[in-house]
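Here the structure is laid out as structure tokens; the discussion comes afterwards.
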There are 2 protein chains.
Amino acid sequence: MTLARALFSPRAVALIGASGDAGKNSARPLRFLRKHGYAGRIVPINASRSEVQGERAYRSLAEAPGEIDHAFVMTPGESVERAIEDCGARGVPVATIFSDGFADAGAGGAARQQRLVARAKALGVRVLGPNSMGVVDVPGHVALTVNAVLEMDGLPAGTTSFVSQSGTMLGTVLSRGAARGLGFSKLVSVGNESDLGVAELVGLLAEDPATKVILLFLETVRDARALGIAARKAHAAGKPVVAYKLGRSQLGAALARSHTGALAGEDAALDAYFRDCGIVRVDQLETLIEIAPLLAGRAPPNLARTARVAVVTTTGGGAASVVDRLGMSGIETVASASGSPIIDLTMKATAEQYTAALDDLLASPGCDGVLAVVGSSAQFHPQLAVEPIVSSKKNAKPLAVFLTPHAERSLALLAASEVAAFRTPESCADALAGYFTWRAPREPAAAATVEWPRTLPRRGRLDEAQALGLFASLGITVAAHEVVAPPACAHTIAYPVAAKALSSGILHKTEAGAVRLGIADRAAFDREVRAMLERVPAARAVLVQKMESGLAEAIVGYRDDPIVGPIVLVGAGGTLAEIYRDFALALAPVSEDEAAAMIEKVKGLAIVRGYRNLPLGDLRALAKAVAAVSRLALVPGLPVAEAEINPLIVKSTGVVAVDALVALKE
Amino acid sequence: MTLARALFSPRAVALIGASGDAGKNSARPLRFLRKHGYAGRIVPINASRSEVQGERAYRSLAEAPGEIDHAFVMTPGESVERAIEDCGARGVPVATIFSDGFADAGAGGAARQQRLVARAKALGVRVLGPNSMGVVDVPGHVALTVNAVLEMDGLPAGTTSFVSQSGTMLGTVLSRGAARGLGFSKLVSVGNESDLGVAELVGLLAEDPATKVILLFLETVRDARALGIAARKAHAAGKPVVAYKLGRSQLGAALARSHTGALAGEDAALDAYFRDCGIVRVDQLETLIEIAPLLAGRAPPNLARTARVAVVTTTGGGAASVVDRLGMSGIETVASASGSPIIDLTMKATAEQYTAALDDLLASPGCDGVLAVVGSSAQFHPQLAVEPIVSSKKNAKPLAVFLTPHAERSLALLAASEVAAFRTPESCADALAGYFTWRAPREPAAAATVEWPRTLPRRGRLDEAQALGLFASLGITVAAHEVVAPPACAHTIAYPVAAKALSSGILHKTEAGAVRLGIADRAAFDREVRAMLERVPAARAVLVQKMESGLAEAIVGYRDDPIVGPIVLVGAGGTLAEIYRDFALALAPVSEDEAAAMIEKVKGLAIVRGYRNLPLGDLRALAKAVAAVSRLALVPGLPVAEAEINPLIVKSTGVVAVDALVALKE
């Protein structure tokens with residue numbers, strides 16, 4: 001009995017805590033299994049009844065006859081622990097725990113969960129949950145869930161599988177899909193992920209012959225490394241993975257400790273993470289449900305230029321509602337022979353005209369994808385445009401369809417032909433954008449480890465001179481500087497200079513009065529340093545630095561993100577860029593070419609890319625510096641929590657680090 | 001017979017070109033009128049048949065008996081002109097023209113349309129269209145349209161009316177509304193708007209007792225002034241107006257002539273226009289359909305602070321999908337007593353618990369609105385949470401409901417109780433955001449006209465000295481300057497100075513080498529000016545200007561927008577701000593307080609608002625300058641096409657205009 005079989009296709013299931021009261025949640029799994037035609041054995045376990053919903057019930061798992069592949073645990077409190085002991089004793093390989101009160105219920109519950117899972121592991125029982133709504137295998141007629149949507153008749157079977165951190169969403173995607181003819185294969189609610197988590201399930205689905213596309217509803221990412229590996233496995237198996245991830249608006253406030261943190265919140269790091277894993281991220285809930293037919297059987301396009309979409313429609317307004325949003329994703333609408341960006345056949349179009357126009361576009365080398373829009377005829381006259389789409393000459397080119405009216409039968413007709421059809425213009429446009437920005441998983445080149453400079457500590461905060469030293473050790477040019485001791489502060493740096501009070505305890509040096517720039521001569525230097533040391537009595541020494549100037553300022557940062565691991569960031573420097581949150585981010589390390597691609601995405605660096613004939617900056621040197629900073633991810637033990645150069649001055653030749661900040665782990 | 005009666009409630013309609021062939025579009029109006037129970041007289045006009053679909057037909061309008069209130073014209077080519085003549089002769093007050101080939105078909109068609117409308121006006125016939133799909137009055141059983149969605153049985157009647165520049169959208173909103181129990185009152189397809197346009201229809205609906213909310217689907221705005229008046233009339237009548245307007249992604253490229261134009265595209269101007277008209281703009285098609293019950297009977301909240309929404313749910317994931325998007329619109333989710341931003345009753349909630357939690361929030365002074373989310377139970381167990389919402393103690397506070405599964409019956413249940421319910425989390429969040437940002441129409445204070453300086457021309461482009469003079473005449477401090485003649489160029493401005501070659505023909509002075517900044521002394525001045533005059537031989541004179549510096553640079557612009565009329569803009573100055581398109585925009589003129597509110601929206605001006613303890617700029621002086629520039633809208637005849645100060649230097653006390661550009665109309 002493999003894990004996958006026990007989980008998705010059990011020959012016998014024990015329903016621990018199955019109720020005979022139809023109004024109770026715990027009565028549902030038995031009812032749903034029957035309703036949806038489960039062919040295996042159902043064994044209700046109920047401490048106080050010998051019959052449940054017409055089925056012979058047993059007081060405990062120990063008394064139940066025959067081999068049990070999967071136990072579904074619904075009982076409250078301590079009985080969950082007993083149920084797991086019973087599973088172990090009976091050799092039940094998988095237990096799905098619906099019961100809550102574990103990690104979902106504070107620190108005490110979390111400790112209880114840890115004990116439970118440790119014991120299950122010792123007993124050889126794999127656990128889904130706790131707080132899981134269960135598992136559904138539509139083609140296999142297994143509806144092992146408490147989700148109320150399973151009251152639905154005739155679940156449509158399909159080849160899309162779904163893993164969700166929200167149990168509710170099982171019902172959401174099933175019922176919304178069913179309403180438009182989109183079927184599912186396997187659906188899993190992972191609950192607290194105490195043992196079986198999203199990553200392992202993606203791995204199982206990657207191996208599942210009945211699954212072609214894998215959808216994820218995520219509230220968090222609990223094991224980014226494992227999910228990355230599973231996503232690559234799915235990619236290798238030709239199965240697209242799509243994620244809807246909550247947290248767009250919580251821009252990592254909790255994680256924002258330094259400037260880098262503030263710029264690059266959790267969510268932007270997740271964007272980079274999903275992209276690198278080859279996972280398509282979608283922002284609208286229905287796009288998650290509707291996108292599957294657009295991706296099924298396809299590989300990431302890895303387009304290196306702007307995507308071009310051609311449009312055929314019977315309604316100008318309907319098509320424009322999709323095209324308008326496509327434009328906001330940077331997708332170009334290709335002009336038709338008529339010069340208009342859309343081919344509007346109007347409501348007078350015959351089926352033959354629609355077919356001819358659509359087949360032309362599908363065959364045309366001038367576009368990367370086709371959008372077909374159908375107006376009011378879609379609801380009651382499918383023969384006019386919907387059926388021509390169904391019978392169009394499909395090829396490798398993606399085809400997305402938007403129907404303007406409420407037209408469920410036409411949506412189902414298209415779904416049955418595996419044509420991607422969308423209920424809203426926004427979902428349609430976003431799905432196309434998701435497809436075109438889809439990339440194959442990044443496979444970082446094997447890189448040698450980077451040695452930590454022997455002179456630097458491996459814990460705590462580095463002072464600025466040490467931080468500059470670390471960056472210099474990575475091969476980055478840093479501004480000429482000397483560390484001098486008060487009161488003499490003798491130095492050999494040519495004026496004008498900057499003076500900074502050295503103290504690893506100060507986070508915002510400028511605000512603390514610990515920095516003076518553009519000091520013109522020795523007299524001014526003495527005056528400024530004296531005043532500075534009065535403001536910052538903790539300073540042990542003074543950093544004297546050559547003043548640097550160039551064409552632009554950049555910020556380059558590194559962080560070992562608690563969720564996705566090491567990330568590198570490049571942004572436009574200065575206060576304004578900080579306000580505009582103008583940066584690009586990738587998982588570290590990156591190559592110079594990858595760094596160059598990041599730099600391209602930073603709007604504010606346009607000023608050194610030839611904007612308004614301004615002089616060009618040395619973007620290759622900037623890319624080298626970004627790649628160098630990213631190599632902090634190759635230091636054994638990952639001692640760096642956060643590191644930042646702000647600003648890194650971009651010159652016409654070369655770049656130079658002026659201000660550096662490095663925080664090591666505690 | 002009023003226009004409204006003839007248009008929406010005709011006692012008799014003539015169908016000119018009505019076909020007996022059920023497959024033809026021109027057969028539809030007769031079929032739809034019958035199907036939906038039209039009680040008036042139907043008079044088919046068909047040149048070659050005496051009977052159409054069982055109805056006595058006439059060869060021409062002249063032969064038709066009785067009084068006709070409304071003619072629906074479907075015949076092609078020249079026959080449209082004949083039909084209008086016939087309407088005039090018979091005293092038919094309104095003709096809706098479905099036929100196309102007018103302004104929709106190039107310049108020739110536009111000329112034809114102009115002739116047609118002029119003739120109709122002379123004959124006393126009001127025209128809807130050409131290229132109109134018709135008119136529907138659901139409660140009145142008038143389905144005078146070719147839209148195929150009218151094949152639908154049992155249109156639900158309601159109090160929401162709809163005016164659309166896309167005929168298809170009549171069917172779209174009707175059928176999508178019907179699927180969730182949202183009914184409509186009147187629906188109008190305006191087609192080419194040759195005579196009856198969106199503005200006049202909004203005015204009619206403002207007076208219509210059967211209409212409570214007015215929805216608009218707009219591809220363009222053809223008469224912004226008239227629509228503004230009509231929207232104010234609707235507001236005065238307590239009727240919210242909501243617009244979905246295409247064009248989000250076409251950022252005014254065609255209109256972008258100067259920097260101001262490039263920064264402030266057409267769409268941003270329309271945002272300002274809709275806001276000032278009290279029109280709620282929505283970005284998703286379904287939000288347009290679903291928002292009506294949220295706004296019906298309500299006045300704009302005019303909230304001066306961040307809106308706070310409280311949330312009750314049976315599903316954490318489902319609620320989070322709405323809350324996440326609310327956060328992106330800047331709406332705060334109020335923490336519940338538990339400290340969590342949402343009250344998650346989980347799927348174990350009883351109806352009593354749901355009712356109690358919801359009523360608590362509705363009564364609470366701690367929130368401005370309530371979001372209720374229901375998970376899987378919404379589809380088959382409405383008694384658990386949907387019915388408690390229906391029977392909740394509603395009050396003035398807006399309540400928005402999101403149901404996670406496909407649950408049309410529950411949506412209809414809520415719609416029947418006039419509770420705003422939404423099919424997608426995105427539409428739900430956007431509708432709440434639309435409500436909270438809704439403002440009463442702005443009524444600009446009566447302002448005296450502004451006199452045009454006598455010394456300035458009223459046409460063509462002003463040179464920079466003239467432009468500075470214009471701004472000075474508005475009360476704005478401009479940098480000290482003198483206009484001097486080569487070759488001597490004697491001046492009295494203290495060094496360092498800027499020198500600019502004066503020529504109204506140069507648009508981008510810096511790129512043309514017509515500007516030199518920071519000239520330190522007379523020798524450098526002579527050298528620079530000589531070189532400059534060689535580069536710009538067209539220069540008649542040289543502007544010598546005092547160098548100014550301050551805490552920040554701003555851009556202040558004015559444009560007489562071809563669609564919405566005079567607008568004023570304020571943004572952060574400098575190249576980076578231009579790249580980030582960081583500006584706020586309003587219809588001109590604005591008061592100082594309104595200008596101050598605009599300045600608050602400009603992110604980059606944070607650097608003079610106390611960001612990171614940077615010194616404060618004189619924002620009151622900046623607001624005065626913005627208001628002053630906006631008064632160009634009060635110059636009789638509106639001679640200014642575009643005007644811009646870039647930069648306007650913001651100091652700790654005062655502001656000063658350094659660079660000015662003014663283009664007058666031709």
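A note on labels: chains of the structure tokens are A, B, ... as shown, every chain counts residues from 1, and ligands are counted from 1 in their shown order.
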Distance-based interface of chain A with chain B, 8 Å, counting only C-alpha atoms, as an NGL selection string: :A and (25 or 147-149 or 151-152 or 165-166 or 168-169 or 171-173 or 175-176 or 179 or 219 or 246-250 or 284-286 or 315-318 or 320-321 or 324-325 or 327-328 or 348 or 375-377 or 379-381 or 404-406 or 424-426 or 511 or 575-577 or 579-580 or 603-604 or 606-607 or 612-613)
Within 8 Å of region 78-86 of chain A, counting only C-alpha atoms, which residues qualify if same-chain residues fewer than 2 places away don't, as a PDB file with N, CA, C and O atoms, in the first residue's frame?
```pdb
ATOM      1  N   ILE A  16     -13.841   7.817  12.300  1.00  0.00           N
ATOM      2  CA  ILE A  16     -13.793   7.826  13.762  1.00  0.00           C
ATOM      3  C   ILE A  16     -14.554   9.029  14.294  1.00  0.00           C
ATOM      4  O   ILE A  16     -14.165  10.177  14.072  1.00  0.00           O
ATOM      5  N   LEU A  61     -11.696   1.460  16.933  1.00  0.00           N
ATOM      6  CA  LEU A  61     -10.982   0.967  15.761  1.00  0.00           C
ATOM      7  C   LEU A  61     -10.498  -0.462  16.006  1.00  0.00           C
ATOM      8  O   LEU A  61     -10.476  -1.295  15.086  1.00  0.00           O
ATOM      9  N   ALA A  62     -10.178  -0.747  17.263  1.00  0.00           N
ATOM     10  CA  ALA A  62      -9.670  -2.077  17.604  1.00  0.00           C
ATOM     11  C   ALA A  62     -10.702  -3.158  17.263  1.00  0.00           C
ATOM     12  O   ALA A  62     -10.352  -4.258  16.826  1.00  0.00           O
ATOM     13  N   VAL A  73     -10.466  11.117  11.357  1.00  0.00           N
ATOM     14  CA  VAL A  73     -10.676  11.329  12.790  1.00  0.00           C
ATOM     15  C   VAL A  73     -11.452  12.619  13.042  1.00  0.00           C
ATOM     16  O   VAL A  73     -10.982  13.708  12.680  1.00  0.00           O
ATOM     17  N   MET A  74     -12.633  12.497  13.648  1.00  0.00           N
ATOM     18  CA  MET A  74     -13.487  13.675  13.884  1.00  0.00           C
ATOM     19  C   MET A  74     -13.773  13.909  15.357  1.00  0.00           C
ATOM     20  O   MET A  74     -14.487  14.836  15.705  1.00  0.00           O
ATOM     21  N   THR A  75     -13.258  13.060  16.225  1.00  0.00           N
ATOM     22  CA  THR A  75     -13.603  13.170  17.644  1.00  0.00           C
ATOM     23  C   THR A  75     -12.799  14.275  18.312  1.00  0.00           C
ATOM     24  O   THR A  75     -11.692  14.597  17.900  1.00  0.00           O
ATOM     25  N   PRO A  76     -13.354  14.860  19.378  1.00  0.00           N
ATOM     26  CA  PRO A  76     -12.675  15.993  20.015  1.00  0.00           C
ATOM     27  C   PRO A  76     -11.686  15.537  21.088  1.00  0.00           C
ATOM     28  O   PRO A  76     -11.654  14.367  21.476  1.00  0.00           O
ATOM     29  N   GLY A  88      -2.053   3.045  14.874  1.00  0.00           N
ATOM     30  CA  GLY A  88      -0.758   2.383  14.941  1.00  0.00           C
ATOM     31  C   GLY A  88      -0.927   0.893  15.217  1.00  0.00           C
ATOM     32  O   GLY A  88      -0.316   0.051  14.561  1.00  0.00           O
ATOM     33  N   ALA A  89      -1.783   0.609  16.190  1.00  0.00           N
ATOM     34  CA  ALA A  89      -1.981  -0.784  16.593  1.00  0.00           C
ATOM     35  C   ALA A  89      -2.573  -1.618  15.451  1.00  0.00           C
ATOM     36  O   ALA A  89      -2.227  -2.788  15.255  1.00  0.00           O
ATOM     37  N   ARG A  90      -3.471  -1.023  14.691  1.00  0.00           N
ATOM     38  CA  ARG A  90      -4.145  -1.737  13.612  1.00  0.00           C
ATOM     39  C   ARG A  90      -3.366  -1.685  12.294  1.00  0.00           C
ATOM     40  O   ARG A  90      -3.814  -2.224  11.284  1.00  0.00           O
ATOM     41  N   ALA A  95      -3.806   8.694   8.661  1.00  0.00           N
ATOM     42  CA  ALA A  95      -4.927   9.250   9.410  1.00  0.00           C
ATOM     43  C   ALA A  95      -5.114  10.703   9.015  1.00  0.00           C
ATOM     44  O   ALA A  95      -4.159  11.488   9.062  1.00  0.00           O
ATOM     45  N   ILE A  97      -6.897  14.014  10.147  1.00  0.00           N
ATOM     46  CA  ILE A  97      -7.491  14.518  11.392  1.00  0.00           C
ATOM     47  C   ILE A  97      -8.252  15.807  11.107  1.00  0.00           C
ATOM     48  O   ILE A  97      -7.660  16.828  10.742  1.00  0.00           O
ATOM     49  N   SER A  99     -10.355  17.008  13.489  1.00  0.00           N
ATOM     50  CA  SER A  99     -10.425  17.644  14.821  1.00  0.00           C
ATOM     51  C   SER A  99      -9.459  18.817  14.906  1.00  0.00           C
ATOM     52  O   SER A  99      -8.350  18.754  14.369  1.00  0.00           O
ATOM     53  N   LEU A 116       1.800  14.657  19.227  1.00  0.00           N
ATOM     54  CA  LEU A 116       0.949  13.753  18.455  1.00  0.00           C
ATOM     55  C   LEU A 116       1.687  13.231  17.231  1.00  0.00           C
ATOM     56  O   LEU A 116       1.669  12.027  16.928  1.00  0.00           O
ATOM     57  N   ALA A 120       2.830   9.540  16.157  1.00  0.00           N
ATOM     58  CA  ALA A 120       2.344   8.945  14.905  1.00  0.00           C
ATOM     59  C   ALA A 120       3.521   8.427  14.090  1.00  0.00           C
ATOM     60  O   ALA A 120       3.474   7.325  13.504  1.00  0.00           O
ATOM     61  N   LEU A 123       4.762   5.291  15.382  1.00  0.00           N
ATOM     62  CA  LEU A 123       3.812   4.203  15.094  1.00  0.00           C
ATOM     63  C   LEU A 123       3.719   3.882  13.603  1.00  0.00           C
ATOM     64  O   LEU A 123       3.034   2.941  13.201  1.00  0.00           O
ATOM     65  N   VAL A 125       2.365   5.935  11.344  1.00  0.00           N
ATOM     66  CA  VAL A 125       1.112   6.470  10.802  1.00  0.00           C
ATOM     67  C   VAL A 125       1.382   7.858  10.214  1.00  0.00           C
ATOM     68  O   VAL A 125       1.893   8.736  10.911  1.00  0.00           O
TER      69      VAL A 125
END
```
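Distance-wise, CA of Tyr495 (chain B) and CA of Asp521 (chain B) end up 5.9 Å apart.
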Contact residues around Leu205 (chain A) with only C-alpha atoms at 8 Å, ignoring same-chain residues under 6 positions, as number ranges by chain: A: 161, 211, 214, 234
All strand (DSSP E or B) positions in region 6-57 of chain A, as a PDB file with N, CA and C atoms, in the first residue's frame:
```
ATOM      1  N   ALA A  12     -10.519   0.724   2.243  1.00  0.00           N
ATOM      2  CA  ALA A  12     -11.457   0.785   3.371  1.00  0.00           C
ATOM      3  C   ALA A  12     -11.121   2.008   4.209  1.00  0.00           C
ATOM      4  N   VAL A  13     -12.150   2.742   4.632  1.00  0.00           N
ATOM      5  CA  VAL A  13     -11.910   3.906   5.483  1.00  0.00           C
ATOM      6  C   VAL A  13     -12.656   3.756   6.807  1.00  0.00           C
ATOM      7  N   ALA A  14     -11.984   4.125   7.873  1.00  0.00           N
ATOM      8  CA  ALA A  14     -12.640   4.173   9.181  1.00  0.00           C
ATOM      9  C   ALA A  14     -13.015   5.616   9.466  1.00  0.00           C
ATOM     10  N   LEU A  15     -14.284   5.836   9.844  1.00  0.00           N
ATOM     11  CA  LEU A  15     -14.738   7.198  10.155  1.00  0.00           C
ATOM     12  C   LEU A  15     -14.866   7.310  11.664  1.00  0.00           C
ATOM     13  N   ILE A  16     -13.841   7.817  12.300  1.00  0.00           N
ATOM     14  CA  ILE A  16     -13.793   7.826  13.762  1.00  0.00           C
ATOM     15  C   ILE A  16     -14.554   9.029  14.294  1.00  0.00           C
ATOM     16  N   ARG A  41     -14.904  -0.111   1.443  1.00  0.00           N
ATOM     17  CA  ARG A  41     -15.604  -0.408   2.681  1.00  0.00           C
ATOM     18  C   ARG A  41     -15.604   0.813   3.585  1.00  0.00           C
ATOM     19  N   ILE A  42     -16.761   1.111   4.187  1.00  0.00           N
ATOM     20  CA  ILE A  42     -16.853   2.235   5.129  1.00  0.00           C
ATOM     21  C   ILE A  42     -17.076   1.666   6.524  1.00  0.00           C
ATOM     22  N   VAL A  43     -16.219   2.064   7.453  1.00  0.00           N
ATOM     23  CA  VAL A  43     -16.300   1.519   8.806  1.00  0.00           C
ATOM     24  C   VAL A  43     -16.503   2.662   9.802  1.00  0.00           C
ATOM     25  N   PRO A  44     -17.762   2.938  10.184  1.00  0.00           N
ATOM     26  CA  PRO A  44     -17.984   4.004  11.167  1.00  0.00           C
ATOM     27  C   PRO A  44     -17.527   3.550  12.552  1.00  0.00           C
ATOM     28  N   ILE A  45     -16.876   4.448  13.270  1.00  0.00           N
ATOM     29  CA  ILE A  45     -16.478   4.173  14.646  1.00  0.00           C
ATOM     30  C   ILE A  45     -17.223   5.159  15.542  1.00  0.00           C
ATOM     31  N   GLU A  51     -24.843   1.353  15.152  1.00  0.00           N
ATOM     32  CA  GLU A  51     -25.309   1.608  13.784  1.00  0.00           C
ATOM     33  C   GLU A  51     -25.288   3.116  13.543  1.00  0.00           C
ATOM     34  N   VAL A  52     -24.770   3.482  12.403  1.00  0.00           N
ATOM     35  CA  VAL A  52     -24.726   4.904  12.035  1.00  0.00           C
ATOM     36  C   VAL A  52     -25.193   5.035  10.594  1.00  0.00           C
ATOM     37  N   GLU A  55     -25.470   1.955   8.766  1.00  0.00           N
ATOM     38  CA  GLU A  55     -24.228   1.202   8.592  1.00  0.00           C
ATOM     39  C   GLU A  55     -23.834   0.608   9.950  1.00  0.00           C
ATOM     40  N   ARG A  56     -23.360  -0.610   9.981  1.00  0.00           N
ATOM     41  CA  ARG A  56     -22.856  -1.230  11.210  1.00  0.00           C
ATOM     42  C   ARG A  56     -21.685  -0.391  11.726  1.00  0.00           C
TER      43      ARG A  56
END
```
Nearby residues (only C-alpha atoms) at most 8 Å from Ala269 (chain A), same-chain spacing under 2 positions excluded, as JSON, numbers by chain: {"A": [264, 265, 266, 267, 271, 272, 273, 561, 564, 567, 585, 586, 587]}
File of the preceding selection, all heavy atoms, as a compact mmCIF listing (two decimals), in the first residue's frame:
```
# COMPACT_ATOMS: atom_id res chain seq x y z
N ALA A 264 11.85 45.33 0.68
CA ALA A 264 11.52 44.02 0.12
C ALA A 264 10.74 43.21 1.12
O ALA A 264 11.30 42.47 1.90
CB ALA A 264 12.80 43.30 -0.27
N GLY A 265 9.44 43.42 1.10
CA GLY A 265 8.61 42.69 2.03
C GLY A 265 8.52 41.23 1.63
O GLY A 265 8.93 40.83 0.55
N GLU A 266 7.97 40.49 2.54
CA GLU A 266 7.73 39.07 2.38
C GLU A 266 7.11 38.73 1.02
O GLU A 266 7.48 37.77 0.38
CB GLU A 266 6.76 38.69 3.51
CG GLU A 266 6.41 37.25 3.63
CD GLU A 266 5.33 37.09 4.72
OE1 GLU A 266 5.04 38.07 5.43
OE2 GLU A 266 4.81 35.99 4.84
N ASP A 267 6.14 39.54 0.62
CA ASP A 267 5.38 39.17 -0.56
C ASP A 267 6.22 39.26 -1.83
O ASP A 267 6.13 38.40 -2.71
CB ASP A 267 4.15 40.06 -0.68
CG ASP A 267 3.16 39.45 -1.65
OD1 ASP A 267 2.63 38.38 -1.33
OD2 ASP A 267 2.98 40.01 -2.73
N ASP A 271 7.07 36.38 -4.58
CA ASP A 271 6.98 36.50 -6.04
C ASP A 271 8.23 35.91 -6.69
O ASP A 271 8.14 35.13 -7.64
CB ASP A 271 6.88 37.98 -6.45
CG ASP A 271 5.44 38.48 -6.48
OD1 ASP A 271 4.51 37.64 -6.49
OD2 ASP A 271 5.25 39.70 -6.49
N ALA A 272 9.40 36.32 -6.17
CA ALA A 272 10.66 35.83 -6.73
C ALA A 272 10.77 34.31 -6.55
O ALA A 272 11.20 33.59 -7.44
CB ALA A 272 11.83 36.53 -6.04
N TYR A 273 10.35 33.86 -5.39
CA TYR A 273 10.41 32.43 -5.08
C TYR A 273 9.54 31.62 -6.04
O TYR A 273 9.99 30.64 -6.65
CB TYR A 273 9.98 32.22 -3.63
CG TYR A 273 9.70 30.79 -3.28
CD1 TYR A 273 10.73 29.88 -3.08
CD2 TYR A 273 8.38 30.34 -3.16
CE1 TYR A 273 10.47 28.56 -2.76
CE2 TYR A 273 8.12 29.03 -2.84
CZ TYR A 273 9.16 28.14 -2.64
OH TYR A 273 8.89 26.83 -2.34
N ASP A 561 15.77 35.46 4.04
CA ASP A 561 14.35 35.56 4.34
C ASP A 561 13.89 34.33 5.12
O ASP A 561 14.22 33.20 4.76
CB ASP A 561 13.57 35.67 3.03
CG ASP A 561 12.09 35.89 3.25
OD1 ASP A 561 11.68 37.05 3.33
OD2 ASP A 561 11.35 34.89 3.35
N VAL A 564 11.58 32.22 2.39
CA VAL A 564 12.11 31.69 1.13
C VAL A 564 13.63 31.54 1.12
O VAL A 564 14.19 31.04 0.15
CB VAL A 564 11.66 32.54 -0.09
CG1 VAL A 564 10.15 32.65 -0.12
CG2 VAL A 564 12.30 33.91 -0.08
N ILE A 567 17.80 36.07 -0.34
CA ILE A 567 17.33 36.86 -1.47
C ILE A 567 18.30 38.01 -1.68
O ILE A 567 18.96 38.46 -0.75
CB ILE A 567 15.90 37.41 -1.28
CG1 ILE A 567 15.81 38.21 0.02
CG2 ILE A 567 14.88 36.29 -1.28
CD1 ILE A 567 14.48 38.90 0.20
N LEU A 585 13.99 41.90 -7.14
CA LEU A 585 14.38 40.95 -6.11
C LEU A 585 14.46 39.56 -6.72
O LEU A 585 13.68 39.22 -7.61
CB LEU A 585 13.28 41.04 -5.06
CG LEU A 585 13.46 40.46 -3.69
CD1 LEU A 585 12.63 41.29 -2.72
CD2 LEU A 585 13.03 39.04 -3.67
N ALA A 586 15.43 38.78 -6.27
CA ALA A 586 15.54 37.39 -6.75
C ALA A 586 16.10 36.53 -5.65
O ALA A 586 16.71 37.04 -4.70
CB ALA A 586 16.44 37.32 -7.99
N LEU A 587 15.91 35.24 -5.77
CA LEU A 587 16.54 34.32 -4.82
C LEU A 587 18.04 34.35 -5.08
O LEU A 587 18.49 34.36 -6.22
CB LEU A 587 15.99 32.91 -4.99
CG LEU A 587 14.49 32.70 -4.80
CD1 LEU A 587 14.19 31.21 -4.60
CD2 LEU A 587 13.95 33.48 -3.61
```
Residue neighbourhood region 392-396 of chain A, 10 Å, only C-alpha atoms, exclusion window fewer than 5 positions, as JSON, numbers by chain: {"A": [297, 298, 354, 355, 356, 357, 358, 359, 360, 362, 363, 368, 369, 386, 387, 419]}
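Across the structure, CA of Ala226 (chain B) and CA of Val190 (chain B) are spaced 15.2 Å apart.
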Shell around Pro441 (chain A) at 10 Å using only C-alpha atoms, local window under 4 positions removed, as number ranges by chain: A: 228-229, 231-233, 235-236, 273-279, 300
Contacts of Arg535 (chain B) within 12 Å, only C-alpha atoms, excl. fewer than 2 positions in-chain, as a list in words: Lys500, Ala501, Ile506, Lys509, Thr510, Glu511, Ala512, Gly513, Ala514, Val515, Glu528, Val529, Arg530, Ala531, Met532, Leu533, Pro537, Ala538 and Ala539 of chain B
